[in-house]
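Structure file input_14.txt; described as compact mmCIF, C-alpha atoms.
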```
# COMPACT_ATOMS: atom_id res chain seq x y z
CA MET A 113 34.43 -8.69 2.31
CA GLU A 114 35.11 -11.94 0.46
CA ALA A 115 32.22 -14.12 -0.64
CA LEU A 116 31.57 -17.16 1.50
CA PRO A 117 33.02 -20.39 0.09
CA PRO A 118 30.58 -23.09 -1.00
CA SER A 119 29.43 -25.45 1.70
CA ALA A 120 32.10 -28.08 2.08
CA ALA A 121 30.89 -31.64 2.47
CA PRO A 122 32.25 -34.14 4.98
CA GLU A 123 35.23 -36.24 4.06
CA VAL A 124 33.98 -39.70 3.17
CA PRO A 125 36.71 -42.35 3.12
CA ARG A 126 36.55 -45.14 0.55
CA MET A 127 38.30 -48.48 0.58
CA ALA A 128 41.78 -48.40 -0.91
CA ASP A 129 42.29 -50.05 -4.29
CA ALA A 130 45.10 -52.48 -4.96
CA GLY A 131 47.15 -49.72 -6.53
CA ASP A 132 46.73 -47.31 -3.60
CA ASP A 133 49.56 -48.85 -1.55
CA GLY A 134 47.18 -49.23 1.34
CA GLU A 135 46.46 -45.51 1.58
CA GLU A 136 42.90 -44.30 1.85
CA GLU A 137 41.71 -41.63 -0.54
CA LEU A 138 39.11 -39.11 0.47
CA LYS A 139 36.32 -37.74 -1.62
CA PHE A 140 33.61 -35.18 -1.02
CA GLY A 141 29.87 -35.77 -1.11
CA LEU A 142 27.12 -33.16 -0.97
CA HIS A 143 24.46 -33.70 1.68
CA PRO A 144 20.94 -33.93 0.16
CA ASP A 145 19.77 -31.07 2.40
CA ASP A 146 22.66 -28.79 1.44
CA PRO A 147 21.02 -27.00 -1.55
CA ALA A 148 18.01 -25.96 0.56
CA ASN A 149 20.36 -24.70 3.27
CA PHE A 150 22.50 -22.82 0.74
CA LEU A 151 19.37 -20.97 -0.38
CA LYS A 152 19.32 -19.32 3.06
CA LEU A 153 22.68 -17.76 2.27
CA SER A 154 21.41 -16.80 -1.19
CA GLY A 155 18.34 -15.19 0.39
CA ALA A 156 20.50 -13.17 2.76
CA LEU A 157 22.69 -11.90 -0.09
CA ARG A 158 19.64 -10.95 -2.16
CA ILE A 159 18.47 -8.79 0.72
CA LEU A 160 21.84 -7.20 1.43
CA MET A 161 22.47 -6.34 -2.24
CA GLN A 162 19.41 -4.10 -2.44
CA HIS A 163 20.13 -0.41 -2.89
CA THR A 164 17.81 0.53 -0.02
CA LEU A 165 17.64 -1.40 3.25
CA SER A 166 15.51 -1.14 6.38
CA ASP A 167 16.28 -2.45 9.86
CA THR A 168 13.77 -5.24 9.21
CA ASP A 169 15.65 -6.24 6.04
CA ILE A 170 18.96 -6.34 7.90
CA ASP A 171 17.45 -8.41 10.72
CA SER A 172 16.04 -10.87 8.17
CA ALA A 173 19.41 -11.21 6.42
CA ASP A 174 21.23 -11.70 9.72
CA ARG A 175 18.77 -14.40 10.76
CA LEU A 176 19.19 -16.26 7.46
CA ILE A 177 23.00 -16.16 7.69
CA ARG A 178 22.95 -17.55 11.22
CA GLN A 179 20.46 -20.26 10.22
CA TYR A 180 22.73 -21.18 7.30
CA VAL A 181 25.84 -21.52 9.49
CA THR A 182 23.96 -23.42 12.20
CA GLU A 183 22.54 -25.88 9.66
CA LEU A 184 26.01 -26.28 8.16
CA LEU A 185 27.25 -27.51 11.53
CA LYS A 186 24.41 -30.00 11.77
CA LEU A 187 25.00 -31.34 8.25
CA TYR A 188 28.79 -31.61 8.24
CA GLY A 189 30.20 -30.95 11.69
CA SER A 190 32.57 -28.27 12.96
CA ASN A 191 35.47 -29.26 10.67
CA VAL A 192 33.92 -27.42 7.70
CA ILE A 193 33.61 -24.07 9.48
CA LYS A 194 36.09 -21.48 8.18
CA PRO A 195 36.93 -17.92 9.32
CA ASN A 196 34.65 -16.51 6.63
CA HIS A 197 31.67 -18.21 8.25
CA HIS A 198 32.43 -16.31 11.45
CA TYR A 199 33.01 -13.04 9.57
CA ALA A 200 29.57 -13.45 7.98
CA THR A 201 27.88 -13.17 11.38
CA HIS A 202 29.18 -9.57 11.55
CA ILE A 203 27.82 -8.49 8.16
CA ALA A 204 24.62 -7.11 9.68
CA THR A 205 26.68 -4.79 11.90
CA PHE A 206 28.78 -3.63 8.94
CA VAL A 207 25.67 -2.91 6.87
CA ARG A 208 24.13 -0.88 9.69
CA ASN A 209 27.34 1.15 9.92
CA PHE A 210 28.21 1.53 6.23
CA GLY A 211 25.03 0.85 4.23
CA PRO A 212 24.27 -1.81 1.57
CA LEU A 213 27.10 -4.09 0.50
CA HIS A 214 27.64 -2.41 -2.86
CA ASP A 215 28.69 0.76 -1.00
CA PHE A 216 31.81 -0.83 0.48
CA TRP A 217 32.60 -4.16 -1.16
CA THR A 218 36.05 -4.58 -2.72
CA PHE A 219 35.50 -6.88 -5.69
CA LEU A 220 36.82 -4.33 -8.20
CA PHE A 221 40.00 -3.74 -6.17
CA GLU A 222 40.61 -7.47 -5.85
CA ARG A 223 40.16 -7.97 -9.58
CA LEU A 224 42.57 -5.16 -10.38
CA ASN A 225 45.06 -6.57 -7.86
CA LYS A 226 45.00 -9.85 -9.77
CA VAL A 227 45.70 -7.99 -13.01
CA LEU A 228 48.54 -5.97 -11.48
CA LYS A 229 50.15 -9.07 -9.97
CA SER A 230 50.45 -10.55 -13.47
CA PHE A 231 52.74 -7.71 -14.62
CA LYS A 232 56.51 -8.12 -14.72
CA THR A 233 58.14 -5.39 -12.61
CA ASN A 234 61.83 -6.28 -13.17
CA ASN A 235 62.52 -5.83 -9.45
CA HIS A 236 61.92 -2.09 -9.64
CA GLY A 237 61.85 -0.16 -6.39
CA ASP A 238 62.10 3.34 -4.88
CA GLY A 239 58.94 4.56 -6.58
CA GLU A 240 59.62 2.93 -9.96
CA LEU A 241 57.36 -0.02 -9.09
CA GLU A 242 54.23 2.15 -8.99
CA THR A 243 55.18 3.82 -12.30
CA THR A 244 55.72 0.41 -13.91
CA PHE A 245 52.33 -0.82 -12.68
CA PHE A 246 50.60 2.32 -13.96
CA SER A 247 52.24 2.23 -17.39
CA GLU A 248 51.76 -1.51 -17.84
CA PHE A 249 48.11 -1.37 -16.80
CA HIS A 250 47.28 1.39 -19.27
CA ARG A 251 49.19 -0.39 -22.03
CA MET A 252 47.20 -3.57 -21.36
CA CYS A 253 43.87 -1.69 -21.32
CA GLU A 254 44.62 -0.02 -24.66
CA SER A 255 45.76 -3.33 -26.12
CA SER A 256 42.59 -5.11 -25.00
CA ARG A 257 40.33 -2.38 -26.36
CA LEU A 258 42.18 -2.47 -29.68
CA THR A 259 41.78 -6.26 -29.80
CA TYR A 260 38.05 -5.97 -29.15
CA ALA A 261 37.67 -3.23 -31.79
CA LEU A 262 39.48 -5.37 -34.38
CA LEU A 263 37.24 -8.34 -33.59
CA GLN A 264 34.23 -6.27 -34.69
CA MET A 265 35.58 -6.07 -38.24
CA PRO A 266 34.25 -8.48 -40.91
CA LYS A 267 35.05 -12.07 -40.04
CA GLU A 268 37.34 -12.78 -43.00
CA SER A 269 39.16 -9.43 -42.88
CA LEU A 270 42.83 -9.07 -41.96
CA PRO A 271 42.16 -6.94 -38.82
CA CYS A 272 39.81 -9.60 -37.43
CA GLU A 273 42.35 -12.37 -38.11
CA VAL A 274 45.06 -10.30 -36.39
CA ALA A 275 42.85 -9.90 -33.32
CA GLU A 276 42.19 -13.64 -33.19
CA HIS A 277 45.94 -14.31 -33.33
CA MET A 278 46.50 -11.77 -30.55
CA LEU A 279 44.11 -13.72 -28.33
CA LYS A 280 45.93 -16.97 -29.17
CA ALA A 281 49.05 -15.81 -27.36
CA SER A 282 50.99 -17.80 -24.79
CA SER A 283 48.97 -19.31 -21.96
CA GLU A 284 50.48 -16.79 -19.54
CA GLU A 285 49.34 -13.79 -21.56
CA ARG A 286 46.06 -15.18 -22.81
CA GLY A 287 44.34 -15.08 -19.44
CA THR A 288 45.03 -11.39 -18.89
CA VAL A 289 44.48 -10.18 -22.48
CA ALA A 290 41.35 -12.24 -23.06
CA ALA A 291 39.90 -11.28 -19.67
CA LEU A 292 40.49 -7.59 -20.28
CA ALA A 293 39.09 -7.85 -23.81
CA ALA A 294 35.97 -9.51 -22.42
CA LEU A 295 35.74 -6.86 -19.71
CA SER A 296 36.11 -4.09 -22.31
CA LYS A 297 33.32 -5.63 -24.39
CA GLU A 298 31.07 -5.97 -21.35
CA LEU A 299 31.70 -2.38 -20.25
CA ASP A 300 31.11 -1.06 -23.78
CA GLU A 301 27.79 -2.92 -24.02
CA VAL A 302 26.66 -1.74 -20.59
CA ASN A 303 27.64 1.83 -21.43
CA ALA A 304 25.80 1.64 -24.77
CA ASP A 305 22.64 0.28 -23.15
CA ALA A 306 22.67 2.48 -20.04
CA GLY A 307 19.68 4.79 -19.94
CA GLU A 308 17.98 3.08 -22.89
CA VAL A 309 14.34 2.50 -21.98
CA TYR A 310 13.67 0.65 -25.22
CA ALA A 311 15.87 -0.05 -28.24
CA LEU A 312 16.32 -2.73 -30.90
CA SER A 313 19.67 -4.04 -32.10
CA PRO A 314 21.19 -2.32 -35.13
CA ARG A 315 21.88 -5.78 -36.55
CA ARG A 316 18.67 -6.98 -38.20
CA GLN A 317 17.60 -9.00 -41.20
CA LYS A 318 14.44 -9.42 -43.24
CA ASN A 319 13.34 -13.04 -43.44
CA SER A 320 10.20 -15.05 -43.99
CA MET A 321 8.52 -16.22 -40.82
CA THR A 322 8.25 -19.93 -40.27
CA LEU A 323 4.76 -21.35 -40.64
CA GLU A 324 4.68 -21.89 -36.86
CA THR A 325 5.50 -18.24 -36.15
CA CYS A 326 3.05 -17.02 -38.78
CA ARG A 327 0.20 -19.07 -37.29
CA LEU A 328 1.06 -17.88 -33.78
CA LEU A 329 1.03 -14.30 -35.02
CA ALA A 330 -2.36 -14.75 -36.72
CA LYS A 331 -3.79 -16.30 -33.54
CA THR A 332 -2.37 -13.50 -31.38
CA ILE A 333 -3.74 -10.70 -33.56
CA CYS A 334 -7.17 -12.33 -33.78
CA LEU A 335 -7.34 -12.67 -29.99
CA ARG A 336 -6.37 -9.05 -29.46
CA SER A 337 -8.40 -7.55 -32.30
CA PRO A 338 -11.31 -9.85 -33.17
CA LEU A 339 -12.83 -7.18 -35.44
CA THR A 340 -9.81 -7.29 -37.76
CA PRO A 341 -9.19 -11.03 -38.29
CA VAL A 342 -6.08 -12.24 -40.10
CA HIS A 343 -4.78 -15.59 -41.35
CA CYS A 344 -1.67 -17.15 -42.88
CA ARG A 345 -1.73 -17.17 -46.67
CA SER A 346 -1.22 -20.94 -46.64
CA ASP A 347 -4.31 -21.45 -44.44
CA ARG A 348 -7.98 -21.12 -45.28
CA PRO A 349 -9.54 -17.96 -43.75
CA VAL A 350 -12.20 -18.52 -41.09
CA VAL A 351 -14.22 -15.49 -42.24
CA SER A 352 -14.45 -13.88 -45.64
CA HIS A 353 -13.10 -10.48 -44.54
CA SER A 354 -9.94 -11.94 -42.96
CA THR A 355 -6.68 -10.28 -44.06
CA PRO A 356 -3.82 -12.53 -45.25
CA LEU A 357 -0.57 -11.98 -43.35
CA ASN A 358 2.68 -11.16 -45.07
CA ARG A 359 5.28 -13.80 -44.20
CA GLU A 360 8.12 -11.28 -44.33
CA ALA A 361 9.28 -9.79 -41.03
CA THR A 362 12.36 -8.05 -39.63
CA PHE A 363 14.27 -10.13 -37.08
CA PHE A 364 16.58 -8.55 -34.49
CA ASP A 365 19.52 -9.98 -32.53
CA TYR A 366 18.36 -8.41 -29.29
CA VAL A 367 16.15 -5.85 -27.60
CA VAL A 368 17.20 -3.42 -24.86
CA ILE A 369 14.58 -2.82 -22.17
CA LYS A 370 15.35 -0.50 -19.25
CA GLY A 371 19.06 -0.77 -19.87
CA LYS A 372 19.12 -4.59 -20.06
CA ARG A 373 19.92 -6.50 -23.24
CA TYR A 374 17.87 -9.61 -24.11
CA TYR A 375 19.06 -11.80 -27.00
CA ALA A 376 16.90 -13.90 -29.33
CA SER A 377 18.39 -17.39 -29.02
CA ARG A 378 17.12 -18.70 -32.36
CA THR A 379 18.67 -15.71 -34.14
CA VAL A 380 22.08 -15.52 -32.42
CA GLY A 381 22.51 -19.25 -31.78
CA TYR A 382 22.87 -19.25 -27.97
CA ASN A 383 20.61 -18.60 -24.99
CA SER A 384 22.92 -17.23 -22.29
CA SER A 385 21.03 -13.90 -22.21
CA SER A 386 17.69 -15.17 -23.52
CA LEU A 387 16.20 -16.64 -20.34
CA VAL A 388 13.65 -14.21 -18.93
CA HIS A 389 10.92 -13.55 -16.41
CA ALA A 390 7.86 -12.06 -18.12
CA ILE A 391 4.86 -10.28 -16.63
CA MET A 392 1.84 -10.12 -18.93
CA PRO A 393 -1.55 -8.44 -18.47
CA ASN A 394 -4.60 -10.66 -18.40
CA LEU A 395 -6.64 -10.36 -21.59
CA HIS A 396 -9.97 -10.67 -19.80
CA GLY A 397 -9.90 -8.88 -16.50
CA GLU A 398 -7.60 -7.07 -14.14
CA GLY A 399 -4.27 -8.20 -12.81
CA SER A 400 -1.34 -9.89 -14.50
CA ARG A 401 0.28 -13.27 -14.84
CA GLU A 402 3.93 -14.25 -14.63
CA ALA A 403 5.85 -16.74 -16.73
CA TYR A 404 9.43 -17.91 -17.16
CA GLY A 405 11.02 -19.01 -20.40
CA GLU A 406 13.36 -18.39 -23.33
CA VAL A 407 13.21 -15.65 -25.97
CA LEU A 408 13.46 -17.42 -29.33
CA GLU A 409 12.88 -14.51 -31.70
CA VAL A 410 12.43 -10.75 -31.61
CA PHE A 411 10.70 -9.51 -34.75
CA GLN A 412 8.84 -6.60 -36.30
CA LEU A 413 5.79 -6.82 -38.57
CA ASP A 414 5.38 -3.81 -40.87
CA GLN A 415 2.06 -4.83 -42.39
CA ASP A 416 -0.48 -2.12 -41.51
CA ILE A 417 -3.26 -4.44 -40.38
CA HIS A 418 -5.12 -1.90 -38.26
CA PHE A 419 -4.68 0.98 -40.75
CA ALA A 420 -2.89 3.00 -38.09
CA GLY A 421 0.44 3.37 -39.89
CA GLN A 422 2.29 1.52 -37.12
CA SER A 423 4.48 -1.55 -36.99
CA MET A 424 4.09 -4.28 -34.37
CA TRP A 425 6.87 -5.91 -32.34
CA PHE A 426 6.81 -9.29 -30.65
CA ALA A 427 8.97 -11.73 -28.73
CA HIS A 428 8.47 -15.38 -29.64
CA MET A 429 8.70 -17.41 -26.41
CA ARG A 430 8.89 -20.97 -25.21
CA TRP A 431 7.92 -21.43 -21.57
CA PHE A 432 9.50 -23.71 -19.00
CA LYS A 433 7.37 -26.57 -17.71
CA PRO A 434 6.88 -26.37 -13.91
CA TRP A 435 8.15 -29.28 -11.83
CA ARG A 436 5.25 -30.93 -9.99
CA GLY A 437 7.17 -33.18 -7.61
CA LEU A 438 6.81 -33.48 -3.86
CA SER A 439 7.79 -30.70 -1.48
CA THR A 440 11.56 -30.32 -1.21
CA GLY A 441 11.99 -27.14 0.81
CA TRP A 442 13.00 -25.10 -2.25
CA GLU A 443 9.54 -23.57 -2.49
CA ASP A 444 10.21 -21.75 0.79
CA PHE A 445 12.61 -19.50 -1.11
CA ALA A 446 10.27 -18.06 -3.69
CA ALA A 447 11.17 -14.68 -2.17
CA VAL A 448 14.57 -14.87 -3.86
CA GLY A 449 12.97 -15.86 -7.16
CA VAL A 450 13.94 -19.55 -7.11
CA HIS A 451 11.74 -21.86 -9.19
CA LEU A 452 12.03 -25.50 -10.27
CA TRP A 453 11.23 -26.79 -13.78
CA GLU A 454 11.15 -30.09 -15.61
CA LEU A 455 14.59 -30.78 -17.06
CA GLU A 456 14.83 -29.85 -20.76
CA GLU A 457 11.05 -29.71 -21.15
CA TYR A 458 8.83 -26.85 -22.29
CA GLN A 459 5.11 -26.25 -22.23
CA GLY A 460 3.27 -27.54 -25.29
CA PRO A 461 0.92 -25.82 -27.76
CA ASP A 462 -2.02 -26.29 -25.39
CA THR A 463 -0.51 -23.97 -22.78
CA GLN A 464 -2.64 -21.06 -21.59
CA LEU A 465 0.39 -18.76 -21.83
CA PRO A 466 0.78 -16.70 -25.01
CA ARG A 467 3.65 -17.79 -27.23
CA LEU A 468 4.00 -14.26 -28.63
CA ILE A 469 4.26 -11.38 -26.17
CA ASP A 470 4.85 -7.64 -26.35
CA LEU A 471 8.48 -6.71 -25.76
CA ASP A 472 7.67 -4.58 -22.73
CA CYS A 473 6.33 -7.69 -20.97
CA ILE A 474 9.93 -8.84 -20.46
CA HIS A 475 10.73 -8.07 -16.83
CA GLY A 476 14.25 -9.36 -16.19
CA HIS A 477 16.95 -11.96 -16.78
CA LEU A 478 17.06 -15.44 -15.28
CA ALA A 479 20.02 -17.60 -14.28
CA ARG A 480 19.48 -21.33 -14.80
CA THR A 481 21.29 -24.45 -13.65
CA THR A 482 20.61 -28.17 -13.20
CA VAL A 483 20.17 -29.44 -9.64
CA SER A 484 19.43 -32.77 -7.98
CA ILE A 485 16.64 -32.75 -5.41
CA GLY A 486 15.16 -35.22 -2.97
CA ALA A 487 16.53 -38.51 -1.74
CA ASP A 488 16.31 -39.96 -5.26
CA GLY A 489 18.43 -37.17 -6.74
CA VAL A 490 15.89 -36.19 -9.39
CA LYS A 491 17.47 -33.72 -11.82
CA VAL A 492 15.51 -30.56 -12.57
CA TRP A 493 16.18 -27.07 -13.82
CA ALA A 494 16.41 -24.36 -11.16
CA THR A 495 16.14 -20.68 -12.08
CA ILE A 496 16.62 -17.54 -10.06
CA ASP A 497 15.32 -14.11 -11.02
CA LEU A 498 18.15 -11.61 -11.49
CA ALA A 499 15.98 -8.49 -11.49
CA LYS A 500 16.60 -6.66 -8.21
CA GLU A 501 13.20 -4.97 -8.26
CA SER A 502 11.49 -8.38 -8.30
CA PHE A 503 12.79 -9.16 -4.83
CA HIS A 504 10.28 -9.63 -2.02
CA SER A 505 11.51 -9.36 1.55
CA PHE A 506 11.62 -12.45 3.70
CA ALA A 507 10.01 -10.33 6.39
CA GLU A 508 6.77 -10.12 4.43
```
Take the structure in this file and express it as structure tokens.
Amino acid sequence: MEALPPSAAPEVPRMADAGDDGEEELKFGLHPDDPANFLKLSGALRILMQHTLSDTDIDSADRLIRQYVTELLKLYGSNVIKPNHHYATHIATFVRNFGPLHDFWTFLFERLNKVLKSFKTNNHGDGELETTFFSEFHRMCESSRLTYALLQMPKESLPCEVAEHMLKASSEERGTVAALAALSKELDEVNADAGEVYALSPRRQKNSMTLETCRLLAKTICLRSPLTPVHCRSDRPVVSHSTPLNREATFFDYVVIKGKRYYASRTVGYNSSSLVHAIMPNLHGEGSREAYGEVLEVFQLDQDIHFAGQSMWFAHMRWFKPWRGLSTGWEDFAAVGVHLWELEEYQGPDTQLPRLIDLDCIHGHLARTTVSIGADGVKVWATIDLAKESFHSFAE
């Protein structure tokens, strides 16, 4: 089953310019209510992609899909409706017959078909075509894995330079080779992390903590263990028996938690896998609190502060700042983990959320994009929780 195409907007004619020879050009505009409607489709897919489904779940997904298509008609008219929109109304029946979508979707086959179609077959026939496909596919897989392996060599080494030149092939070859190399890397990482409940990256370095991180660490330890106070060496101790903190710590590129890899953006230089949903226990009382933000650093402190012979591990966070605007309809889709945040803003030092958290508080990855909401088109960040276990049924 192919994914539904994005909601098409109505064709809006504009006046022809002097150089248009009197012909009108058409452009597309997104209806202000389209994002909220598209979330209905997103909600349905979040339900259907669960590994276990009940009849109530399927009914909820079917209702959301039909609401999405009906609203699409109201927003743009019948001209935007495609065959896939009709096919979508049968998904509930297919799921009842065959189980969750991941049991029978064909994305892998379609991707492999695209790869096979890129091979030159030299007009082979009578059984030779299949042999050519098979041989060429295995040759390409081995080539891509070799390229990826060479890229892991030291940056200035000859093997690494050779790999970089291999990826700078002709435009026709680059798409296939680079895509397969990226796929090989992704599969290798997933295979390496699979089954790992908790692991730290083998790449690590000992560095001095910044003064900000050191003060956050001192504050965190004092809150958790008031009987063993600590302080930064550059600061005056509050009590006489306070222990000065060592500024040296071990910083890691990433941490693996329950098979998922979370990178420290300040260490690796990018945040594509650093945006997370965290669930932290309340310090004073039962229950927990949730927060959404970016992992800046993952580090280990070896100083034996509590005389227990154990190191301590932390994630240094910066938390998104919630958007406090008027109701837009997006809040109705909290069940799919959608949240809105102030664009490019983070909570300040006065936040009640801890800036340093235990690594096992990290619950799952987030996807983030910029969206325009409301009649004024205010730009905000929108995130969606990618952890399947965080899903709450619309039927609740």
Give one line per residue of region 403-448 of chain A that approaches region 357-381 of chain A to at most 10 Å, naming the two atoms of the closest pair and their distance in Å to one decimal, counting all atoms listed in the file; sort by chain then ascending residue number and deliver it as a tab-separated table.
```
residue	atom	partner	partner_atom	distance
A:Glu406	CA	A:Ser377	CA	7.7
A:Val407	CA	A:Ala376	CA	5.3
A:Leu408	CA	A:Arg378	CA	4.9
A:Glu409	CA	A:Ala376	CA	4.7
A:Val410	CA	A:Phe364	CA	5.5
A:Phe411	CA	A:Phe363	CA	4.3
A:Gln412	CA	A:Thr362	CA	5.1
A:Leu413	CA	A:Ala361	CA	5.2
A:Asp414	CA	A:Ala361	CA	7.1
A:Gln415	CA	A:Asn358	CA	6.9
A:Ile417	CA	A:Leu357	CA	8.5
A:Trp425	CA	A:Thr362	CA	9.4
A:Phe426	CA	A:Phe363	CA	9.9
A:Ala427	CA	A:Ala376	CA	8.2
A:His428	CA	A:Ala376	CA	8.6
A:Met429	CA	A:Ala376	CA	9.4
```
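Going from CA of Gly437 (chain A) over to CA of Ala494 (chain A), you cover 13.3 Å.
Minimum atom-to-atom distances from A:Leu228, A:Leu157, A:Val388, A:Val448 to His214 (chain A) were compared using only C-alpha atoms, and the lowest value belongs to A:Leu157.
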- Task: Record the distance separating CA of Ala487 (chain A) and CA of Ile193 (chain A), expressed in Å with one decimal.
- Result: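 About the pair CA of Ala487 (chain A) and CA of Ile193 (chain A): they are 25.0 Å apart.
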- From CA of Lys152 (chain A) to CA of Val450 (chain A) the spacing works out at 11.5 Å
- Polymer residues at most 7 Å from Ala330 (chain A), all atoms listed in the file, same-chain spacing of 5 or more positions, as a list in words: Val342, His343 and Cys344 of chain A
Residues just named, written with C-alpha atoms as a PDB file, in the coordinates of the input:
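Written output follows (again.pdb):
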```pdb
ATOM      1  CA  VAL A 342      -6.080 -12.240 -40.100  1.00  0.00           C
ATOM      2  CA  HIS A 343      -4.780 -15.590 -41.350  1.00  0.00           C
ATOM      3  CA  CYS A 344      -1.670 -17.150 -42.880  1.00  0.00           C
TER       4      CYS A 344
END
```
- Message: I'd like to know which of A:Leu160, A:Glu402, A:Lys318, A:His277 is closest to Trp217 (chain A), using all atoms listed in the file.
- Response: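 Of A:Leu160, A:Glu402, A:Lys318, A:His277, the one nearest Trp217 (chain A) is A:Leu160, counting all atoms listed in the file.
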- Could you pull the residues within 12 Å of Ser166 (chain A), counting all atoms listed in the file, minus those fewer than 2 positions along the same chain, as a ChimeraX atom specification? /A:159-160,162-164,168-173,204,207-208,211-212,505,507
Expected axis-aligned box over every listed atom of region 315-333 of chain A, 3 Å added per side, centre plus edges in Å to one decimal, as JSON:
```
{"center_x": 9.0, "center_y": -13.8, "center_z": -37.7, "size_x": 31.7, "size_y": 22.1, "size_z": 18.6}
```
Produce a table with one row for each residue of region 309-413 of chain A that has an atom at most 7 Å from any atom of region 467-475 of chain A, each row naming the nearest atom pair and its distance in Å at one decimal; use all atoms listed in the file; arrange rows by chain and rising residue number; format as JSON lines.
```
{"residue": "A:Leu328", "atom": "CA", "partner": "A:Leu468", "partner_atom": "CA", "distance": 6.9}
{"residue": "A:Thr332", "atom": "CA", "partner": "A:Leu468", "partner_atom": "CA", "distance": 7.0}
{"residue": "A:Val388", "atom": "CA", "partner": "A:Ile474", "partner_atom": "CA", "distance": 6.7}
{"residue": "A:His389", "atom": "CA", "partner": "A:His475", "partner_atom": "CA", "distance": 5.5}
{"residue": "A:Ala390", "atom": "CA", "partner": "A:Ile474", "partner_atom": "CA", "distance": 4.5}
{"residue": "A:Ile391", "atom": "CA", "partner": "A:Cys473", "partner_atom": "CA", "distance": 5.3}
{"residue": "A:Met392", "atom": "CA", "partner": "A:Cys473", "partner_atom": "CA", "distance": 5.5}
```
Provide region 171-183 of chain A rebuilt to N, CA and C atoms, formatted as a CSV table (one decimal), keeping the file's coordinate frame.
```csv
chain,number,residue,atom,x,y,z
A,171,ASP,N,17.7,-7.3,9.7
A,171,ASP,CA,17.4,-8.4,10.7
A,171,ASP,C,17.1,-9.7,10.0
A,172,SER,N,16.4,-9.7,8.9
A,172,SER,CA,16.0,-10.9,8.2
A,172,SER,C,17.3,-11.5,7.6
A,173,ALA,N,18.2,-10.7,7.0
A,173,ALA,CA,19.4,-11.2,6.4
A,173,ALA,C,20.3,-11.8,7.5
A,174,ASP,N,20.4,-11.2,8.6
A,174,ASP,CA,21.2,-11.7,9.7
A,174,ASP,C,20.7,-13.0,10.2
A,175,ARG,N,19.4,-13.1,10.3
A,175,ARG,CA,18.8,-14.4,10.8
A,175,ARG,C,19.0,-15.5,9.8
A,176,LEU,N,18.9,-15.2,8.5
A,176,LEU,CA,19.2,-16.3,7.5
A,176,LEU,C,20.6,-16.7,7.5
A,177,ILE,N,21.6,-15.8,7.6
A,177,ILE,CA,23.0,-16.2,7.7
A,177,ILE,C,23.3,-17.1,8.9
A,178,ARG,N,22.7,-16.7,10.0
A,178,ARG,CA,23.0,-17.6,11.2
A,178,ARG,C,22.3,-18.9,11.1
A,179,GLN,N,21.1,-19.0,10.5
A,179,GLN,CA,20.5,-20.3,10.2
A,179,GLN,C,21.3,-21.1,9.3
A,180,TYR,N,21.9,-20.5,8.3
A,180,TYR,CA,22.7,-21.2,7.3
A,180,TYR,C,23.9,-21.8,8.0
A,181,VAL,N,24.6,-21.0,8.8
A,181,VAL,CA,25.8,-21.5,9.5
A,181,VAL,C,25.5,-22.6,10.5
A,182,THR,N,24.4,-22.4,11.2
A,182,THR,CA,24.0,-23.4,12.2
A,182,THR,C,23.6,-24.7,11.5
A,183,GLU,N,22.9,-24.7,10.4
A,183,GLU,CA,22.5,-25.9,9.7
A,183,GLU,C,23.8,-26.5,9.1
```
